[in-house]
>>> print(open('upload-v1.csv').read())   # CSV, C-alpha atoms
chain,number,residue,atom,x,y,z
A,24,ARG,CA,0.0,0.0,0.0
A,25,ARG,CA,3.0,2.3,-0.4
A,26,TRP,CA,1.4,4.3,-3.2
A,27,LYS,CA,3.6,7.4,-2.7
A,28,GLU,CA,6.8,5.3,-3.0
A,29,ALA,CA,5.5,3.6,-6.1
A,30,LEU,CA,4.6,6.9,-7.8
A,31,GLU,CA,8.2,8.1,-7.2
A,32,SER,CA,9.3,5.7,-10.0
A,33,ASP,CA,10.5,7.6,-13.0
A,34,GLU,CA,9.4,4.9,-15.4
A,35,LEU,CA,5.9,4.7,-13.9
A,36,ARG,CA,5.5,8.5,-14.2
A,37,PHE,CA,6.8,8.3,-17.8
A,38,PHE,CA,4.3,5.5,-18.6
A,39,PHE,CA,1.4,7.5,-17.3
A,40,LEU,CA,2.5,10.5,-19.2
A,41,VAL,CA,2.7,8.5,-22.5
A,42,VAL,CA,-0.7,6.9,-22.0
A,43,SER,CA,-2.5,10.1,-21.0
A,44,GLY,CA,-0.8,12.1,-23.7
A,45,ALA,CA,-1.5,9.6,-26.5
A,46,THR,CA,-5.1,9.2,-25.4
A,47,ILE,CA,-5.7,13.0,-25.4
A,48,LEU,CA,-4.1,13.4,-28.8
A,49,ILE,CA,-6.0,10.5,-30.5
A,50,THR,CA,-9.3,11.6,-28.9
A,51,LEU,CA,-8.9,15.1,-30.4
A,52,ALA,CA,-7.7,13.8,-33.8
A,53,ASN,CA,-10.7,11.4,-34.0
A,54,LEU,CA,-13.4,14.0,-33.3
A,55,GLY,CA,-14.3,13.9,-37.0
A,56,VAL,CA,-14.6,10.1,-37.0
A,57,TYR,CA,-17.0,9.7,-34.0
A,58,THR,CA,-20.2,11.5,-33.1
A,59,SER,CA,-19.2,12.8,-29.6
A,60,VAL,CA,-16.1,13.5,-27.6
A,61,TRP,CA,-16.9,10.7,-25.1
A,62,GLU,CA,-17.2,8.1,-27.9
A,63,SER,CA,-13.9,9.2,-29.3
A,64,LEU,CA,-12.3,9.1,-25.8
A,65,ARG,CA,-13.7,5.6,-25.2
A,66,TYR,CA,-12.2,4.1,-28.3
A,67,ALA,CA,-8.9,6.0,-27.8
A,68,VAL,CA,-8.5,4.9,-24.2
A,69,PHE,CA,-9.1,1.2,-25.1
A,70,GLN,CA,-6.8,1.2,-28.1
A,71,VAL,CA,-4.0,3.1,-26.4
A,72,ALA,CA,-4.1,0.6,-23.5
A,73,SER,CA,-4.2,-2.4,-25.8
A,74,ILE,CA,-1.3,-1.2,-28.0
A,75,ILE,CA,1.1,-0.1,-25.2
A,76,SER,CA,0.4,-3.2,-23.1
A,77,THR,CA,0.9,-5.3,-26.3
A,78,THR,CA,-2.4,-7.1,-25.6
A,79,GLY,CA,-3.5,-7.1,-29.3
A,80,PHE,CA,-7.2,-6.4,-28.8
A,81,ALA,CA,-9.2,-3.9,-30.9
A,82,THR,CA,-12.6,-2.5,-30.6
A,83,ALA,CA,-12.3,-0.3,-33.7
A,84,ASP,CA,-10.7,-0.6,-37.1
A,85,TYR,CA,-8.0,2.1,-36.5
A,86,VAL,CA,-6.8,1.7,-40.1
A,87,LEU,CA,-9.7,4.1,-40.9
A,88,TRP,CA,-8.5,6.6,-38.3
A,89,PRO,CA,-6.6,9.8,-39.4
A,90,GLN,CA,-2.9,9.2,-40.1
A,91,PHE,CA,-1.9,11.3,-37.1
A,92,SER,CA,-3.7,8.8,-34.8
A,93,GLN,CA,-2.2,5.9,-36.6
A,94,MET,CA,1.3,7.4,-36.2
A,95,ILE,CA,0.8,7.7,-32.4
A,96,LEU,CA,-0.2,4.0,-32.3
A,97,ILE,CA,3.0,3.1,-34.2
A,98,LEU,CA,5.1,5.0,-31.6
A,99,LEU,CA,3.3,3.2,-28.8
A,100,MET,CA,4.2,-0.1,-30.5
A,101,PHE,CA,7.9,0.9,-30.2
A,102,CYS,CA,7.5,2.1,-26.6
A,103,GLY,CA,5.7,-0.9,-25.1
A,104,ALA,CA,5.0,-1.6,-21.5
A,105,CYS,CA,7.2,-1.2,-18.4
A,106,ALA,CA,10.4,-3.1,-17.7
A,107,GLY,CA,9.8,-6.4,-15.9
A,108,SER,CA,6.4,-6.9,-17.3
A,109,THR,CA,5.3,-9.6,-19.8
A,110,GLY,CA,4.5,-6.9,-22.4
A,111,GLY,CA,6.6,-6.4,-25.6
A,112,GLY,CA,8.2,-3.4,-27.1
A,113,MET,CA,11.4,-1.7,-26.2
A,114,LYS,CA,10.0,-0.9,-22.7
A,115,CYS,CA,9.4,2.5,-21.2
A,116,ALA,CA,12.6,2.3,-19.1
A,117,ARG,CA,14.8,2.0,-22.2
A,118,ILE,CA,13.0,4.9,-23.9
A,119,LEU,CA,13.3,7.1,-20.8
A,120,LEU,CA,17.0,6.3,-20.5
A,121,LEU,CA,17.6,7.1,-24.1
A,122,GLY,CA,15.9,10.5,-23.5
A,123,LYS,CA,18.1,11.1,-20.5
A,124,ALA,CA,21.2,10.1,-22.4
A,125,MET,CA,20.3,12.5,-25.2
A,126,LYS,CA,19.7,15.3,-22.7
A,127,SER,CA,23.1,14.6,-21.0
A,128,THR,CA,24.9,14.6,-24.4
A,129,VAL,CA,23.4,18.0,-25.3
A,130,LYS,CA,24.4,19.5,-21.9
A,131,GLN,CA,27.9,18.0,-22.3
A,132,SER,CA,28.2,19.7,-25.8
A,133,LEU,CA,27.2,23.0,-24.4
A,134,HIS,CA,29.4,22.8,-21.3
A,135,PRO,CA,32.3,20.4,-22.0
A,136,ARG,CA,33.7,20.7,-18.5
A,137,SER,CA,30.5,19.8,-16.8
A,138,VAL,CA,29.8,16.4,-15.2
A,139,ASN,CA,26.4,15.1,-16.3
A,140,LEU,CA,25.3,11.9,-14.6
A,141,ILE,CA,22.3,9.9,-15.9
A,142,ARG,CA,20.0,9.0,-13.0
A,143,MET,CA,17.0,6.7,-12.7
A,144,ASP,CA,14.8,6.9,-9.6
A,145,GLY,CA,17.5,9.1,-8.0
A,146,ARG,CA,20.3,6.6,-8.5
A,147,ARG,CA,23.2,6.8,-10.9
A,148,VAL,CA,22.9,4.6,-14.0
A,149,GLU,CA,26.2,2.7,-14.5
A,150,GLU,CA,28.1,3.2,-17.8
A,151,SER,CA,27.9,-0.6,-18.4
A,152,THR,CA,24.1,-0.4,-18.3
A,153,MET,CA,24.1,2.4,-20.9
A,154,GLN,CA,26.5,0.5,-23.1
A,155,GLY,CA,24.1,-2.5,-22.9
A,156,LEU,CA,21.2,-0.2,-23.8
A,157,TYR,CA,23.1,1.2,-26.9
A,158,GLY,CA,23.9,-2.3,-28.0
A,159,TYR,CA,20.3,-3.4,-27.6
A,160,VAL,CA,19.0,-0.4,-29.7
A,161,MET,CA,21.5,-1.2,-32.4
A,162,ALA,CA,20.5,-4.9,-32.5
A,163,TYR,CA,16.9,-3.9,-32.5
A,164,GLY,CA,17.3,-1.5,-35.4
A,165,PHE,CA,19.3,-4.1,-37.4
A,166,ILE,CA,16.7,-6.8,-36.9
A,167,LEU,CA,13.9,-4.4,-37.8
A,168,VAL,CA,15.6,-3.3,-41.1
A,169,LEU,CA,16.7,-6.8,-42.1
A,170,SER,CA,13.2,-8.2,-41.5
A,171,PHE,CA,11.6,-5.3,-43.5
A,172,LEU,CA,14.0,-6.0,-46.4
A,173,ILE,CA,13.0,-9.7,-46.4
A,174,LEU,CA,9.2,-8.9,-46.3
A,175,SER,CA,9.7,-6.4,-49.2
A,176,LEU,CA,10.3,-9.3,-51.5
A,177,ASP,CA,6.5,-10.0,-51.3
A,178,ARG,CA,5.9,-6.7,-53.0
A,179,LEU,CA,3.2,-5.6,-50.6
A,180,SER,CA,2.7,-2.0,-49.5
A,181,LEU,CA,5.3,-0.3,-47.4
A,182,GLU,CA,2.7,0.3,-44.6
A,183,THR,CA,1.8,-3.4,-44.5
A,184,ASN,CA,5.4,-4.7,-44.4
A,185,MET,CA,6.8,-2.2,-41.9
A,186,THR,CA,3.9,-2.5,-39.4
A,187,ALA,CA,3.9,-6.3,-39.7
A,188,VAL,CA,7.5,-6.4,-38.6
A,189,MET,CA,6.9,-3.9,-35.9
A,190,ALA,CA,3.8,-5.7,-34.7
A,191,CYS,CA,5.6,-9.1,-34.5
A,192,LEU,CA,8.9,-7.8,-33.1
A,193,ASN,CA,7.1,-5.9,-30.4
A,194,ASN,CA,4.4,-8.6,-29.9
A,195,ILE,CA,1.5,-6.3,-30.6
A,196,GLY,CA,-0.6,-8.5,-32.9
A,197,PRO,CA,-2.3,-6.3,-35.5
A,198,GLY,CA,-0.5,-3.7,-37.6
A,199,LEU,CA,-1.9,-1.4,-40.3
A,200,ASP,CA,-3.2,-1.8,-43.8
A,201,LEU,CA,-3.5,-5.5,-44.8
A,202,VAL,CA,-2.4,-6.7,-41.3
A,203,GLY,CA,-4.8,-4.3,-39.5
A,204,PRO,CA,-7.4,-5.3,-36.9
A,205,THR,CA,-9.7,-6.6,-39.6
A,206,GLY,CA,-6.9,-8.3,-41.7
A,207,ASN,CA,-4.4,-11.1,-41.1
A,208,TYR,CA,-1.0,-12.4,-42.1
A,209,SER,CA,-2.0,-14.9,-44.7
A,210,VAL,CA,-0.9,-12.6,-47.5
A,211,PHE,CA,2.7,-13.2,-46.8
A,212,SER,CA,5.0,-15.8,-48.3
A,213,ALA,CA,6.5,-18.7,-46.3
A,214,LEU,CA,9.8,-16.9,-46.0
A,215,SER,CA,8.1,-13.8,-44.7
A,216,LYS,CA,6.1,-15.8,-42.2
A,217,PHE,CA,9.2,-17.5,-40.9
A,218,THR,CA,10.9,-14.1,-40.6
A,219,LEU,CA,7.9,-12.8,-38.6
A,220,MET,CA,7.9,-15.9,-36.4
A,221,VAL,CA,11.6,-15.3,-35.6
A,222,ASP,CA,10.8,-11.6,-34.8
A,223,MET,CA,8.1,-12.7,-32.4
A,224,LEU,CA,10.5,-15.0,-30.6
A,225,LEU,CA,13.1,-12.2,-30.4
A,226,GLY,CA,10.5,-9.8,-29.1
A,227,ARG,CA,9.1,-12.1,-26.5
A,228,LEU,CA,12.2,-13.7,-25.2
A,229,GLU,CA,14.4,-10.6,-25.6
A,230,ILE,CA,17.0,-10.2,-28.3
A,231,PHE,CA,20.3,-10.9,-26.5
A,232,PRO,CA,19.2,-14.0,-24.6
A,233,LEU,CA,17.9,-15.7,-27.8
A,234,LEU,CA,21.0,-14.7,-29.8
A,235,ILE,CA,23.3,-16.0,-27.0
A,236,MET,CA,21.3,-19.3,-27.0
A,237,LEU,CA,21.7,-19.7,-30.8
A,238,SER,CA,25.4,-18.7,-30.8
A,239,PRO,CA,27.8,-21.6,-31.4
A,240,HIS,CA,30.1,-20.3,-28.7
A,241,THR,CA,27.4,-21.0,-26.1
A,242,TRP,CA,27.4,-24.7,-26.9
A,243,ARG,CA,31.1,-25.1,-27.6
A,244,LYS,CA,32.8,-27.2,-24.9
A,245,ALA,CA,35.4,-25.3,-22.9
A,246,GLY,CA,39.0,-26.5,-23.1
>>> encode(input="upload-v1.csv", output="structure tokens")
Amino acid sequence: RRWKEALESDELRFFFLVVSGATILITLANLGVYTSVWESLRYAVFQVASIISTTGFATADYVLWPQFSQMILILLMFCGACAGSTGGGMKCARILLLGKAMKSTVKQSLHPRSVNLIRMDGRRVEESTMQGLYGYVMAYGFILVLSFLILSLDRLSLETNMTAVMACLNNIGPGLDLVGPTGNYSVFSALSKFTLMVDMLLGRLEIFPLLIMLSPHTWRKAG
């Protein structure tokens, strides 16, 4: 029951900020789609919660929403839930740390002699942790681009291919266009489906643990 202590978490506050901000923006952008503010708010709240928690449910075909609303949902796919949860995505903690690192780099550029420590929940984040984060982001980006290139062989739309990779790598479920809430993944070739299955495993089991498990060095006998 230590609510005050829980609310002091930087990641939790960031999570609430992202959810509330995305809900408000989508509600306002969808006013021309629904008959009232409350109806627009109801659909926005559910879809934001479903996407950021990587639950995969949908109560509306958001492919028909304005592009602004769809772009916010795509950003939520990248963000994902909080660290330690069973949700997919990059996790809010990583996004927040990347933002803090960018802020620290800007300050260091403006004041070269200053000491800018990256802190999380009032504690200093070790350099080894930040190095691991940078490595994760690079691996994430490489897998995303490689998967997208493989899916491009099917000659489907850019929106379909990109959001299919994002939805599988982040364990969202539906994407946009042909893989939207009312579509499915049957349009892809066997190679593309295999690629998306690998993306789902990488997203669910985390990238580095799975890569380590598949590495020959892991199974090579010592000595």
>>> residues_around(input="upload-v1.csv", residues="Val41 of chain A", least_positions_apart="3", cutoff="10 Å", atoms="all atoms listed in the file", output="list in words")
Leu35, Arg36, Phe37, Phe38, Gly44, Ala45, Thr46, Ile47, Val71, Ile75, Leu99, Cys102 and Cys115 of chain A
>>> residues_near_point(input="upload-v1.csv", point="(-2.3, -4.2, -29.1)", cutoff="8 Å", atoms="only C-alpha atoms", output="PyMOL selection string")
chain A and resi 70-81+100+195-197
>>> write_last_selection(input="upload-v1.csv", atoms="C-alpha atoms", output="short mmCIF file (atom, residue, chain, number, x, y, z; two decimals), in the coordinates of the input")
data_model
loop_
_atom_site.label_atom_id
_atom_site.label_comp_id
_atom_site.auth_asym_id
_atom_site.auth_seq_id
_atom_site.Cartn_x
_atom_site.Cartn_y
_atom_site.Cartn_z
CA GLN A 70 -6.80 1.20 -28.10
CA VAL A 71 -4.00 3.10 -26.40
CA ALA A 72 -4.10 0.60 -23.50
CA SER A 73 -4.20 -2.40 -25.80
CA ILE A 74 -1.30 -1.20 -28.00
CA ILE A 75 1.10 -0.10 -25.20
CA SER A 76 0.40 -3.20 -23.10
CA THR A 77 0.90 -5.30 -26.30
CA THR A 78 -2.40 -7.10 -25.60
CA GLY A 79 -3.50 -7.10 -29.30
CA PHE A 80 -7.20 -6.40 -28.80
CA ALA A 81 -9.20 -3.90 -30.90
CA MET A 100 4.20 -0.10 -30.50
CA ILE A 195 1.50 -6.30 -30.60
CA GLY A 196 -0.60 -8.50 -32.90
CA PRO A 197 -2.30 -6.30 -35.50
#
>>> closest_residue(input="upload-v1.csv", among="A:Ser32, A:Ile97, A:Ala213, A:Leu192", to="Ala162 of chain A", atoms="only C-alpha atoms")
A:Leu192
>>> closest_atom_pairs(input="upload-v1.csv", of="segment 89-173 of chain A", to="segment 223-235 of chain A", cutoff="9 Å", atoms="only C-alpha atoms", output="tab-separated table")
residue	atom	partner	partner_atom	distance
A:Thr109	CA	A:Arg227	CA	8.1
A:Gly110	CA	A:Arg227	CA	8.1
A:Gly111	CA	A:Gly226	CA	6.2
A:Gly112	CA	A:Gly226	CA	7.1
A:Met113	CA	A:Gly226	CA	8.7
A:Tyr159	CA	A:Phe231	CA	7.6
A:Ala162	CA	A:Ile230	CA	7.6
A:Tyr163	CA	A:Ile230	CA	7.6
>>> closest_residue(input="upload-v1.csv", among="A:Ala106, A:Ala187, A:Ala67, A:Ile49", to="Met94 of chain A", atoms="all atoms listed in the file")
A:Ile49
>>> closest_residue(input="upload-v1.csv", among="A:Gln93, A:Asn207, A:Asn184, A:Asn193", to="Leu48 of chain A", atoms="all atoms listed in the file")
A:Gln93
>>> closest_residue(input="upload-v1.csv", among="A:Lys216, A:Ser170, A:Leu121, A:Lys126", to="Gly155 of chain A", atoms="only C-alpha atoms")
A:Leu121
>>> atom_distance(input="upload-v1.csv", atom1="atom CA of Arg142 of chain A", atom2="atom CA of Glu34 of chain A")
11.6 Å
>>> build_atoms(input="upload-v1.csv", residues="segment 81-115 of chain A", atoms="N, CA and C atoms", output="tab-separated table (two decimals), keeping the file's coordinate frame")
chain	number	residue	atom	x	y	z
A	81	ALA	N	-8.70	-5.13	-30.23
A	81	ALA	CA	-9.20	-3.90	-30.90
A	81	ALA	C	-10.67	-3.87	-30.89
A	82	THR	N	-11.20	-2.69	-30.60
A	82	THR	CA	-12.60	-2.50	-30.60
A	82	THR	C	-13.03	-1.57	-31.79
A	83	ALA	N	-12.04	-1.15	-32.56
A	83	ALA	CA	-12.30	-0.30	-33.70
A	83	ALA	C	-11.25	-0.61	-34.80
A	84	ASP	N	-11.62	-0.40	-36.05
A	84	ASP	CA	-10.70	-0.60	-37.10
A	84	ASP	C	-9.88	0.73	-37.26
A	85	TYR	N	-8.78	0.82	-36.51
A	85	TYR	CA	-8.00	2.10	-36.50
A	85	TYR	C	-7.28	2.35	-37.77
A	86	VAL	N	-7.35	1.44	-38.74
A	86	VAL	CA	-6.80	1.70	-40.10
A	86	VAL	C	-7.59	2.86	-40.73
A	87	LEU	N	-8.85	3.03	-40.31
A	87	LEU	CA	-9.70	4.10	-40.90
A	87	LEU	C	-9.55	5.40	-40.10
A	88	TRP	N	-8.75	5.43	-39.05
A	88	TRP	CA	-8.50	6.60	-38.30
A	88	TRP	C	-7.59	7.58	-39.08
A	89	PRO	N	-7.52	8.86	-38.70
A	89	PRO	CA	-6.60	9.80	-39.40
A	89	PRO	C	-5.13	9.29	-39.21
A	90	GLN	N	-4.28	9.67	-40.14
A	90	GLN	CA	-2.90	9.20	-40.10
A	90	GLN	C	-2.17	9.67	-38.84
A	91	PHE	N	-2.55	10.81	-38.29
A	91	PHE	CA	-1.90	11.30	-37.10
A	91	PHE	C	-2.18	10.29	-35.93
A	92	SER	N	-3.40	9.79	-35.82
A	92	SER	CA	-3.70	8.80	-34.80
A	92	SER	C	-2.97	7.49	-35.02
A	93	GLN	N	-2.87	7.09	-36.29
A	93	GLN	CA	-2.20	5.90	-36.60
A	93	GLN	C	-0.67	5.98	-36.26
A	94	MET	N	-0.08	7.16	-36.50
A	94	MET	CA	1.30	7.40	-36.20
A	94	MET	C	1.58	7.27	-34.68
A	95	ILE	N	0.65	7.78	-33.89
A	95	ILE	CA	0.80	7.70	-32.40
A	95	ILE	C	0.75	6.23	-32.00
A	96	LEU	N	-0.14	5.44	-32.60
A	96	LEU	CA	-0.20	4.00	-32.30
A	96	LEU	C	1.09	3.31	-32.65
A	97	ILE	N	1.70	3.69	-33.77
A	97	ILE	CA	3.00	3.10	-34.20
A	97	ILE	C	4.06	3.42	-33.16
A	98	LEU	N	4.10	4.66	-32.67
A	98	LEU	CA	5.10	5.00	-31.60
A	98	LEU	C	4.84	4.25	-30.36
A	99	LEU	N	3.58	3.99	-30.03
A	99	LEU	CA	3.30	3.20	-28.80
A	99	LEU	C	3.75	1.75	-29.01
A	100	MET	N	3.72	1.24	-30.24
A	100	MET	CA	4.20	-0.10	-30.50
A	100	MET	C	5.71	-0.18	-30.13
A	101	PHE	N	6.48	0.84	-30.50
A	101	PHE	CA	7.90	0.90	-30.20
A	101	PHE	C	8.10	0.97	-28.66
A	102	CYS	N	7.31	1.80	-28.03
A	102	CYS	CA	7.50	2.10	-26.60
A	102	CYS	C	7.22	0.82	-25.76
A	103	GLY	N	6.04	0.25	-25.89
A	103	GLY	CA	5.70	-0.90	-25.10
A	103	GLY	C	5.44	-0.67	-23.67
A	104	ALA	N	5.38	-1.72	-22.89
A	104	ALA	CA	5.00	-1.60	-21.50
A	104	ALA	C	6.25	-1.31	-20.63
A	105	CYS	N	6.10	-1.47	-19.32
A	105	CYS	CA	7.20	-1.20	-18.40
A	105	CYS	C	8.15	-2.37	-18.30
A	106	ALA	N	9.38	-2.09	-17.88
A	106	ALA	CA	10.40	-3.10	-17.70
A	106	ALA	C	9.95	-4.10	-16.61
A	107	GLY	N	10.22	-5.39	-16.84
A	107	GLY	CA	9.80	-6.40	-15.90
A	107	GLY	C	8.45	-6.98	-16.12
A	108	SER	N	7.68	-6.36	-17.01
A	108	SER	CA	6.40	-6.90	-17.30
A	108	SER	C	6.47	-7.90	-18.46
A	109	THR	N	5.37	-8.58	-18.74
A	109	THR	CA	5.30	-9.60	-19.80
A	109	THR	C	5.01	-8.91	-21.16
A	110	GLY	N	4.85	-7.59	-21.17
A	110	GLY	CA	4.50	-6.90	-22.40
A	110	GLY	C	5.75	-6.82	-23.31
A	111	GLY	N	5.51	-6.53	-24.58
A	111	GLY	CA	6.60	-6.40	-25.60
A	111	GLY	C	7.07	-5.00	-25.71
A	112	GLY	N	7.63	-4.71	-26.87
A	112	GLY	CA	8.20	-3.40	-27.10
A	112	GLY	C	9.53	-3.17	-26.51
A	113	MET	N	10.08	-1.98	-26.71
A	113	MET	CA	11.40	-1.70	-26.20
A	113	MET	C	11.37	-1.45	-24.67
A	114	LYS	N	10.21	-1.21	-24.12
A	114	LYS	CA	10.00	-0.90	-22.70
A	114	LYS	C	10.23	0.54	-22.40
A	115	CYS	N	9.37	1.07	-21.53
A	115	CYS	CA	9.40	2.50	-21.20
A	115	CYS	C	10.74	2.88	-20.55
